[in-house]
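*Asks:* Below is entry.txt; it holds compact mmCIF, C-alpha atoms.
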# COMPACT_ATOMS: atom_id res chain seq x y z
CA MET A 16 281.45 76.45 207.97
CA VAL A 17 281.56 72.94 206.60
CA ALA A 18 278.21 71.98 205.11
CA LEU A 19 276.00 70.58 207.84
CA ARG A 20 273.72 67.69 206.99
CA GLY A 21 270.39 67.11 208.71
CA GLU A 22 266.67 67.72 208.37
CA VAL A 23 264.76 70.83 207.34
CA SER A 24 261.15 71.67 208.16
CA TRP A 25 259.05 74.83 207.96
CA PHE A 26 257.34 77.15 210.41
CA CYS A 27 255.18 80.24 210.18
CA CYS A 28 255.89 83.61 211.73
CA GLY A 29 254.85 87.23 211.61
CA SER A 30 251.27 88.20 210.97
CA ALA A 31 249.45 85.00 210.13
CA TRP A 32 246.17 83.10 210.11
CA GLY A 33 245.10 80.03 212.06
CA PRO A 34 247.29 78.53 214.78
CA CYS A 35 250.15 80.60 213.36
CA GLY A 36 248.38 83.76 214.44
CA THR A 37 250.25 83.75 217.74
CA ALA A 38 253.69 83.18 216.22
CA GLY A 39 254.89 86.79 216.19
CA GLY A 40 258.12 88.07 214.72
CA GLY A 41 260.36 85.42 216.24
CA ALA A 42 263.46 85.90 218.37
CA CYS A 43 264.79 88.57 216.02
CA GLY A 44 261.46 90.38 215.78
CA THR A 45 261.66 90.45 211.98
CA CYS A 46 260.31 87.06 210.94
CA ARG A 47 257.66 86.96 208.20
CA SER A 48 256.24 83.85 206.53
CA ALA A 49 256.51 85.42 203.07
CA ASN A 50 260.21 86.30 203.47
CA TYR A 51 263.25 84.12 202.78
CA GLN A 52 264.17 83.58 206.41
CA HIS A 53 264.91 80.75 208.80
CA ALA A 54 265.24 79.67 212.39
CA TRP A 55 268.65 78.53 213.62
CA PRO A 56 269.30 76.52 216.80
CA ASN A 57 272.37 78.47 217.89
CA THR A 58 271.59 82.18 217.85
CA SER A 59 272.48 82.77 221.52
CA ASP A 60 273.23 80.97 224.78
CA ALA A 61 269.58 81.18 225.73
CA CYS A 62 268.53 79.76 222.36
CA LEU A 63 271.04 76.91 222.52
CA ALA A 64 269.83 76.00 226.00
CA ILE A 65 266.41 75.35 224.48
CA THR A 66 267.27 73.69 221.18
CA ARG A 67 270.16 71.51 222.45
CA PRO A 68 271.49 70.05 219.17
CA ASP A 69 274.48 68.82 221.19
CA ALA A 70 272.14 66.45 223.02
CA CYS A 71 271.66 64.67 219.70
CA GLY A 72 275.36 64.63 218.87
CA VAL A 73 275.10 67.42 216.31
CA THR A 74 278.41 69.26 216.07
CA GLY A 75 279.61 72.07 213.85
CA MET A 76 276.61 74.25 214.45
CA SER A 77 278.19 77.69 214.69
CA ARG A 78 276.85 80.59 216.72
CA ARG A 79 275.13 82.94 214.27
CA GLY A 80 273.10 86.05 214.90
CA CYS A 81 270.00 87.63 213.42
CA GLY A 82 270.37 88.37 209.72
CA PHE A 83 273.14 85.84 209.07
CA ARG A 84 272.80 84.04 205.73
CA HIS A 85 272.58 80.30 205.29
CA TYR A 86 271.91 78.32 202.13
CA THR A 87 269.80 75.18 202.39
CA THR A 88 269.81 72.42 199.78
CA ASN A 89 266.98 69.89 199.57
CA LEU A 90 268.81 66.57 199.16
CA CYS A 91 265.77 65.06 197.42
CA ASN A 92 266.02 67.30 194.38
CA GLY A 93 269.09 69.54 194.69
CA ALA A 94 267.03 72.73 194.96
CA ARG A 95 268.71 75.44 197.04
CA VAL A 96 267.53 78.59 198.78
CA GLY A 97 269.30 81.37 200.65
CA THR A 98 267.73 82.75 203.83
CA THR A 99 268.59 84.91 206.82
CA ILE A 100 268.22 84.08 210.50
CA ALA A 101 265.04 85.48 212.02
CA ASP A 102 264.28 83.12 214.90
CA CYS A 103 265.65 80.52 217.29
CA GLY A 104 264.86 76.91 216.41
CA PRO A 105 264.14 74.15 215.66
CA GLN A 106 264.11 72.38 219.00
CA THR A 107 266.49 69.69 217.83
CA ASP A 108 266.52 67.68 221.06
CA LEU A 109 262.81 66.87 220.84
CA PHE A 110 263.45 64.69 217.78
CA CYS A 111 266.91 63.29 218.55
CA GLY A 112 267.93 60.59 216.12
CA GLU A 113 265.11 61.23 213.70
CA ARG A 114 266.14 60.37 210.15
CA THR A 115 264.59 61.39 206.83
CA CYS A 116 265.60 59.92 203.50
CA CYS A 117 264.94 60.22 199.80
CA GLY A 118 266.39 57.02 198.47
CA SER A 119 270.01 57.02 199.59
CA ALA A 120 270.04 60.74 200.45
CA CYS A 121 269.44 60.98 204.17
CA GLY A 122 269.60 63.55 206.94
CA SER A 123 269.45 63.03 210.69
CA ASN A 124 268.28 65.52 213.32
CA ARG A 125 266.51 68.81 212.75
CA ILE A 126 268.99 71.58 212.06
CA ILE A 127 266.99 74.34 210.38
CA ASP A 128 263.41 75.56 209.93
CA LEU A 129 262.50 77.67 206.90
CA THR A 130 259.62 80.07 206.44
CA PRO A 131 256.83 78.87 204.12
CA ALA A 132 258.11 81.12 201.32
CA ALA A 133 261.61 79.66 201.54
CA TYR A 134 260.62 76.04 202.09
CA SER A 135 258.14 76.12 199.21
CA ALA A 136 260.94 77.31 196.92
CA ILE A 137 262.70 73.96 197.34
CA ALA A 138 259.91 71.51 198.29
CA SER A 139 256.18 71.23 198.58
CA LEU A 140 254.86 72.37 201.97
CA THR A 141 253.04 69.04 202.19
CA THR A 142 256.32 67.20 202.59
CA GLY A 143 256.80 68.70 206.06
CA LEU A 144 260.34 67.40 206.46
CA ARG A 145 263.23 66.84 204.07
CA PRO A 146 266.88 65.79 204.31
CA CYS A 147 269.09 68.79 203.67
CA SER A 148 272.54 70.28 203.77
CA VAL A 149 273.20 73.78 205.08
CA ASP A 150 276.18 75.96 204.24
CA THR A 151 277.16 79.60 204.16
CA VAL A 152 278.23 80.12 200.55
CA MET B 6 265.02 69.95 180.00
CA ASN B 7 264.28 72.22 182.89
CA GLN B 8 260.91 70.78 183.79
CA THR B 9 260.00 73.32 186.45
CA LEU B 10 260.73 76.35 184.36
CA ASP B 11 258.84 74.86 181.45
CA ARG B 12 255.88 74.12 183.69
CA ARG B 13 255.85 77.63 185.09
CA ARG B 14 256.12 79.21 181.70
CA LEU B 15 253.18 77.12 180.57
CA LEU B 16 251.21 78.17 183.63
CA ALA B 17 251.95 81.79 182.97
CA THR B 18 250.90 81.32 179.38
CA ALA B 19 247.71 79.68 180.51
CA ALA B 20 247.01 82.53 182.92
CA LEU B 21 247.49 85.00 180.15
CA GLY B 22 244.82 83.39 178.03
CA GLY B 23 246.33 80.41 176.27
CA MET B 24 244.90 77.70 178.48
CA VAL B 25 247.13 74.69 178.74
CA GLY B 26 246.07 71.52 180.51
CA ALA B 27 248.26 70.01 183.16
CA THR B 28 248.06 66.71 181.36
CA GLY B 29 250.21 68.18 178.68
CA LEU B 30 252.93 68.69 181.24
CA GLY B 31 253.10 65.12 182.30
CA SER B 32 253.19 63.95 185.88
CA LEU B 33 255.72 65.54 188.18
CA ALA B 34 256.88 63.89 191.38
CA PRO B 35 256.51 66.24 194.37
CA ASP B 36 260.20 66.95 194.71
CA ALA B 37 260.86 67.12 190.99
CA ALA B 38 258.27 69.83 190.69
CA PHE B 39 260.28 72.01 193.08
CA ALA B 40 263.71 71.24 191.68
CA ALA B 41 265.59 73.25 189.13
CA GLU B 42 266.33 76.92 189.19
CA ALA B 43 268.21 78.47 192.07
CA SER B 44 266.18 81.19 193.66
CA ALA B 45 267.14 84.70 192.63
CA ILE B 46 265.45 86.23 195.64
CA GLU B 47 267.77 88.02 198.03
CA PRO B 48 267.92 86.20 201.38
CA GLY B 49 265.75 87.92 203.95
CA LEU B 50 263.44 89.59 201.48
CA PRO B 51 259.87 88.72 200.44
CA ASP B 52 259.38 86.43 197.46
CA PRO B 53 257.13 88.11 194.86
CA ASN B 54 256.20 84.67 193.54
CA PHE B 55 254.73 83.66 196.89
CA ALA B 56 251.56 84.80 198.66
CA GLU B 57 249.77 84.03 201.91
CA GLY B 58 246.56 85.15 203.51
CA ARG B 59 242.86 84.40 203.68
CA ILE B 60 240.46 84.18 200.78
CA SER B 61 238.07 87.12 200.80
CA LYS B 62 236.38 86.38 197.48
CA ILE B 63 236.32 83.79 194.72
CA SER B 64 235.52 85.09 191.27
CA GLY B 65 235.73 82.67 188.38
CA ASN B 66 239.21 81.17 188.56
CA MET B 67 240.53 84.04 190.66
CA LEU B 68 241.15 83.96 194.38
CA LEU B 69 241.15 87.37 196.02
CA VAL B 70 243.28 87.03 199.12
CA THR B 71 243.90 89.42 201.97
CA GLY B 72 247.41 88.89 203.24
CA SER B 73 248.05 88.73 206.96
CA ASP B 74 250.00 91.94 206.49
CA THR B 75 246.85 93.41 204.78
CA VAL B 76 248.39 93.31 201.30
CA LEU B 77 245.83 92.18 198.71
CA HIS B 78 246.67 89.37 196.28
CA SER B 79 244.91 88.23 193.11
CA ILE B 80 245.73 84.57 192.55
CA ARG B 81 244.78 82.88 189.31
CA VAL B 82 244.16 79.15 189.38
CA THR B 83 244.67 77.31 186.10
CA ASP B 84 244.17 73.75 184.95
CA GLY B 85 247.81 73.18 185.84
CA THR B 86 247.62 74.43 189.44
CA SER B 87 248.06 71.78 192.10
CA ILE B 88 245.71 72.37 195.03
CA TRP B 89 246.05 70.79 198.47
CA LYS B 90 243.44 70.91 201.21
CA LEU B 91 244.30 68.08 203.58
CA ARG B 92 244.78 66.04 200.41
CA PRO B 93 245.23 66.87 196.73
CA THR B 94 241.92 68.34 195.67
CA THR B 95 240.08 70.47 193.15
CA PHE B 96 239.25 74.15 192.90
CA ASP B 97 235.61 73.65 193.87
CA ARG B 98 236.72 72.56 197.37
CA VAL B 99 238.30 75.95 198.06
CA ALA B 100 236.10 78.35 200.04
CA THR B 101 235.92 81.95 201.12
CA GLY B 102 237.51 82.29 204.54
CA ASP B 103 240.12 79.62 203.91
CA GLY B 104 243.74 80.47 204.61
CA LEU B 105 246.39 79.66 202.05
CA TYR B 106 249.95 79.76 200.89
CA ALA B 107 250.47 79.98 197.13
CA ARG B 108 253.48 79.84 194.84
CA GLY B 109 253.58 80.61 191.14
CA VAL B 110 254.60 83.26 188.67
CA ARG B 111 253.90 86.96 189.24
CA LEU B 112 252.48 88.39 186.03
CA PRO B 113 253.00 91.97 184.83
CA ASP B 114 249.53 92.99 186.06
CA GLY B 115 250.40 91.83 189.57
CA THR B 116 248.34 88.65 189.44
CA LEU B 117 250.00 85.51 190.76
CA ALA B 118 249.51 82.62 188.32
CA ALA B 119 249.53 79.77 190.82
CA ASP B 120 251.65 76.69 190.39
CA SER B 121 250.72 75.36 193.85
CA VAL B 122 248.10 76.38 196.38
CA TRP B 123 248.14 74.93 199.89
CA VAL B 124 244.80 75.61 201.54
CA ASN B 125 244.54 75.87 205.35
CA ILE B 126 247.85 74.03 205.70
CA VAL B 127 249.47 74.20 209.12
CA ASN B 128 252.63 72.67 210.53
CA VAL B 129 252.45 72.92 214.30
CA HIS B 130 254.49 71.54 217.16
CA GLY B 131 253.02 70.61 220.50
CA HIS B 132 252.77 68.20 223.36
CA ILE B 133 249.94 65.70 223.46
CA THR B 134 247.77 66.50 226.46
CA SER B 135 245.11 63.86 225.88
CA VAL B 136 244.16 61.22 223.38
CA GLY B 137 240.54 60.50 222.50
CA ARG B 138 238.72 58.47 219.90
CA ASN B 139 240.06 59.80 216.61
CA VAL B 140 241.33 62.98 218.23
CA LEU B 141 244.51 64.35 219.82
CA HIS B 142 244.55 67.35 222.11
CA LEU B 143 247.74 69.38 221.82
CA ASP B 144 249.37 72.13 223.80
CA HIS B 145 250.90 74.42 221.19
CA LYS B 146 252.79 77.26 222.87
CA GLY B 147 250.14 77.36 225.58
CA GLN B 148 247.32 77.24 223.06
CA ARG B 149 244.99 74.23 222.98
CA ILE B 150 244.63 72.60 219.56
CA VAL B 151 242.17 69.82 218.75
CA ALA B 152 243.66 67.58 216.04
CA HIS B 153 241.26 65.19 214.35
CA VAL B 154 242.28 61.87 212.90
CA VAL B 155 240.77 61.48 209.43
CA PRO B 156 240.31 57.86 208.37
CA GLN B 157 242.09 56.94 205.13
CA VAL B 158 244.05 60.20 205.27
CA SER B 159 245.87 60.70 208.57
CA ALA B 160 249.25 59.03 208.92
CA ALA B 161 252.02 58.85 211.49
CA VAL B 162 255.77 58.94 211.02
CA TYR B 163 257.58 57.51 214.00
CA ASN B 164 261.20 58.62 214.16
CA GLY B 165 261.58 58.91 210.42
CA ALA B 166 260.21 55.47 209.60
CA PRO B 167 257.82 55.19 206.64
CA ALA B 168 254.37 56.66 207.30
CA VAL B 169 251.76 54.32 208.73
CA SER B 170 248.05 54.70 209.37
CA ASP B 171 248.35 53.39 212.93
CA LEU B 172 248.37 56.37 215.32
CA SER B 173 247.97 54.22 218.41
CA LEU B 174 251.60 54.66 219.47
CA LEU B 175 251.03 58.33 220.21
CA ARG B 176 251.02 58.92 223.94
CA VAL B 177 250.17 61.74 226.31
CA GLY B 178 253.22 63.89 227.00
CA ARG B 179 254.97 63.16 223.72
CA HIS B 180 256.13 65.98 221.53
CA VAL B 181 254.81 65.88 217.99
CA GLN B 182 254.80 67.87 214.79
CA VAL B 183 251.46 67.87 213.03
CA LEU B 184 251.07 68.73 209.37
CA GLY B 185 247.40 69.26 208.72
CA ALA B 186 244.54 71.43 207.60
CA TRP B 187 243.02 74.10 209.78
CA HIS B 188 239.26 74.45 210.29
CA PRO B 189 238.89 78.20 209.69
CA ASP B 190 238.14 80.34 212.72
CA THR B 191 238.52 77.47 215.17
CA ASN B 192 241.32 75.83 217.17
CA GLU B 193 240.75 72.58 215.30
CA ILE B 194 242.77 70.91 212.57
CA ASP B 195 242.60 67.68 210.58
CA ILE B 196 245.76 65.58 210.67
CA ALA B 197 247.55 64.79 207.44
CA THR B 198 250.80 63.57 209.00
CA VAL B 199 251.93 63.50 212.59
CA TYR B 200 255.67 63.20 213.23
CA ALA B 201 256.71 61.71 216.55
CA ALA B 202 260.13 61.06 217.99
CA ALA B 203 261.06 57.59 219.16
Could you quickly redo this structure as structure tokens?

*Replies:*
Amino acid sequence: MVALRGEVSWFCCGSAWGPCGTAGGGACGTCRSANYQHAWPNTSDACLAITRPDACGVTGMSRRGCGFRHYTTNLCNGARVGTTIADCGPQTDLFCGERTCCGSACGSNRIIDLTPAAYSAIASLTTGLRPCSVDTV
Amino acid sequence: MNQTLDRRRLLATAALGGMVGATGLGSLAPDAAFAAEASAIEPGLPDPNFAEGRISKISGNMLLVTGSDTVLHSIRVTDGTSIWKLRPTTFDRVATGDGLYARGVRLPDGTLAADSVWVNIVNVHGHITSVGRNVLHLDHKGQRIVAHVVPQVSAAVYNGAPAVSDLSLLRVGRHVQVLGAWHPDTNEIDIATVYAAA
């Protein structure tokens, strides 16, 4: 897979407190906030019908199943983390055309959501959204 | 110089008894503080340098936290720990019952020497069902959430544009992402940043 450029955010899953308490184990049933995992918009036909990255013109988003590894790089600082698919998401079409930049490093459209453990390894949770690139090696 | 590693080593040193002030580390930009070393954690597995849960007891500079999976964590806060609770804050603002995520260095005795602690932080998606004076009502996966606008704190990001304090463009029916701080044991949050599509 050619590195895909876009935006990364974070989400909670598994046993949790607060509004996250209803999140559950995600589409794969294995998602935990403290694990290095992520949500991917193209885990199945049903998933893709919800997330619709194609509606935003995002191409090159391969079909990947539960447990598949991706590596996400925060374009603001070069930090990188490896995670496995544990859920379907983000819902790319709800933020079509959204663009996040750090200086000249930009990403458009939401392509991956990381668990708090994974996101906080490459950025502060308070940032909420960062430009990123995603690859498989 | 690897600033992050140096900072974490200093924090660990501080936690072990040689207190080191954060001022000695200089100021780190948010992203710079999380740059540097590639994670050695196997994808899919838990990160031993990360903890989440609710604070069951505060003893001195230690937070005793019960993880959502019932695992118990001892988290040591040092002078160098950055604490967020809706905004950057101080240790005295942290309370029993608060939820948290923490990242730091796991010490040999199992204690986590915290580099960062995010208290009650939530990042929820939802549709706006109504807009009131300084409040948004959200439908989050069928769950009602009351999101309060906090003057001088809450900001909006419209379609990736720079954050502004004007939240008046938010409309009923729009989908938003809200980064904020939960009011423990309620369905209410305070808004730090609300992200809205164009």

*Asks:* Find the residues near region 183-196 of chain B: any atom within 8 Å, counting only C-alpha atoms, skip ones fewer than 2 places away on the same chain, and give them as a PyMOL selection string.

*Replies:* (chain A and resi 33-34+141+143) or (chain B and resi 90-91+102-104+124-130+149-155+158-160+181+198-200)

*Asks:* To one decimal place, how far is CA of Thr130 (chain A) from CA of Val70 (chain B) in Å?

*Replies:*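 Value for the CA of Thr130 (chain A)-CA of Val70 (chain B) distance: 19.2 Å.
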
*Asks:* To one decimal place, how far is CA of Leu105 (chain B) from CA of Ser123 (chain A) in Å?

*Replies:*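 Here the two named atoms are 29.7 Å from each other.
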
*Asks:* Only residues of chain A matter here; which ones have an atom within 6 Å of chain B, counting only C-alpha atoms? Give them as an NGL selection string.

*Replies:* :A and (30-31 or 49-52 or 92 or 94-99 or 110 or 113-115 or 137-138)

*Asks:* Work out how far apart CA of Asp120 (chain B) and CA of Ser139 (chain A) are and give it in Å to one decimal.

*Replies:*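 Computing the Euclidean distance for CA of Asp120 (chain B) and CA of Ser139 (chain A) yields 10.8 Å.
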
*Asks:* Residues within 8 Å of Asn57 (chain A), please, as a list in words. Count only C-alpha atoms; anything in the same chain fewer than 2 positions from it doesn't count.

*Replies:*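 Those residues are Trp55, Ser59, Asp60, Cys62, Leu63, Thr66, Met76, Ser77, Arg78, Arg79, Cys103 and Gly104 of chain A.
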
*Asks:* Which residues are near Arg81 (chain B)? Cut-off 8 Å, all atoms listed in the file, ignore same chain within fewer than 2 positions. Put them as a list in words.

*Replies:*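 My reading of the contact set: Ala20, Asn66, Met67, Leu68, Ser79, Thr83, Thr116, Leu117, Ala118 and Ala119 of chain B.
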
*Asks:* Looking at A:Thr45, A:Ser135, A:Thr88, A:Thr142, which one is nearest to Ala101 (chain A), with distances taken over only C-alpha atoms?

*Replies:*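 So, comparing all the options, the nearest one is A:Thr45.
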
*Asks:* Just the residues within 7 Å of Leu129 (chain A), please, counting all atoms listed in the file, with nothing from its chain fewer than 2 positions along; format it as a list of chain:residue names.

*Replies:*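 In the requested form, the answer reads A:Ser24, A:Trp25, A:Phe26, A:Gln52, A:His53, A:Ala54, A:Ile127, A:Pro131, A:Ala133, A:Tyr134.
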
*Asks:* Report as number ranges by chain all protein, DNA and RNA residues lying within 12 Å of Asp69 (chain A), evaluated on all atoms listed in the file, omitting residues in the same chain fewer than 4 positions from it.

*Replies:* A: 56-57, 63-65, 73-77, 106-109, 111-112, 124-126

*Asks:* Around all listed atoms of region 66-85 of chain A, padded 5 Å per side, what centre and edge lengths does the axis-aligned box have in Å to one decimal, as AutoDock Vina command-line options?

*Replies:*
--center_x 273.4 --center_y 76.5 --center_z 214.2 --size_x 22.3 --size_y 33.7 --size_z 27.7

*Asks:* Have a look at A:Cys71, A:Arg20, A:Trp32, A:Leu90 and name the one nearest to Asp150 (chain A); count all atoms listed in the file.

*Replies:*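 Among the listed residues, the smallest separation from Asp150 (chain A) belongs to A:Arg20.
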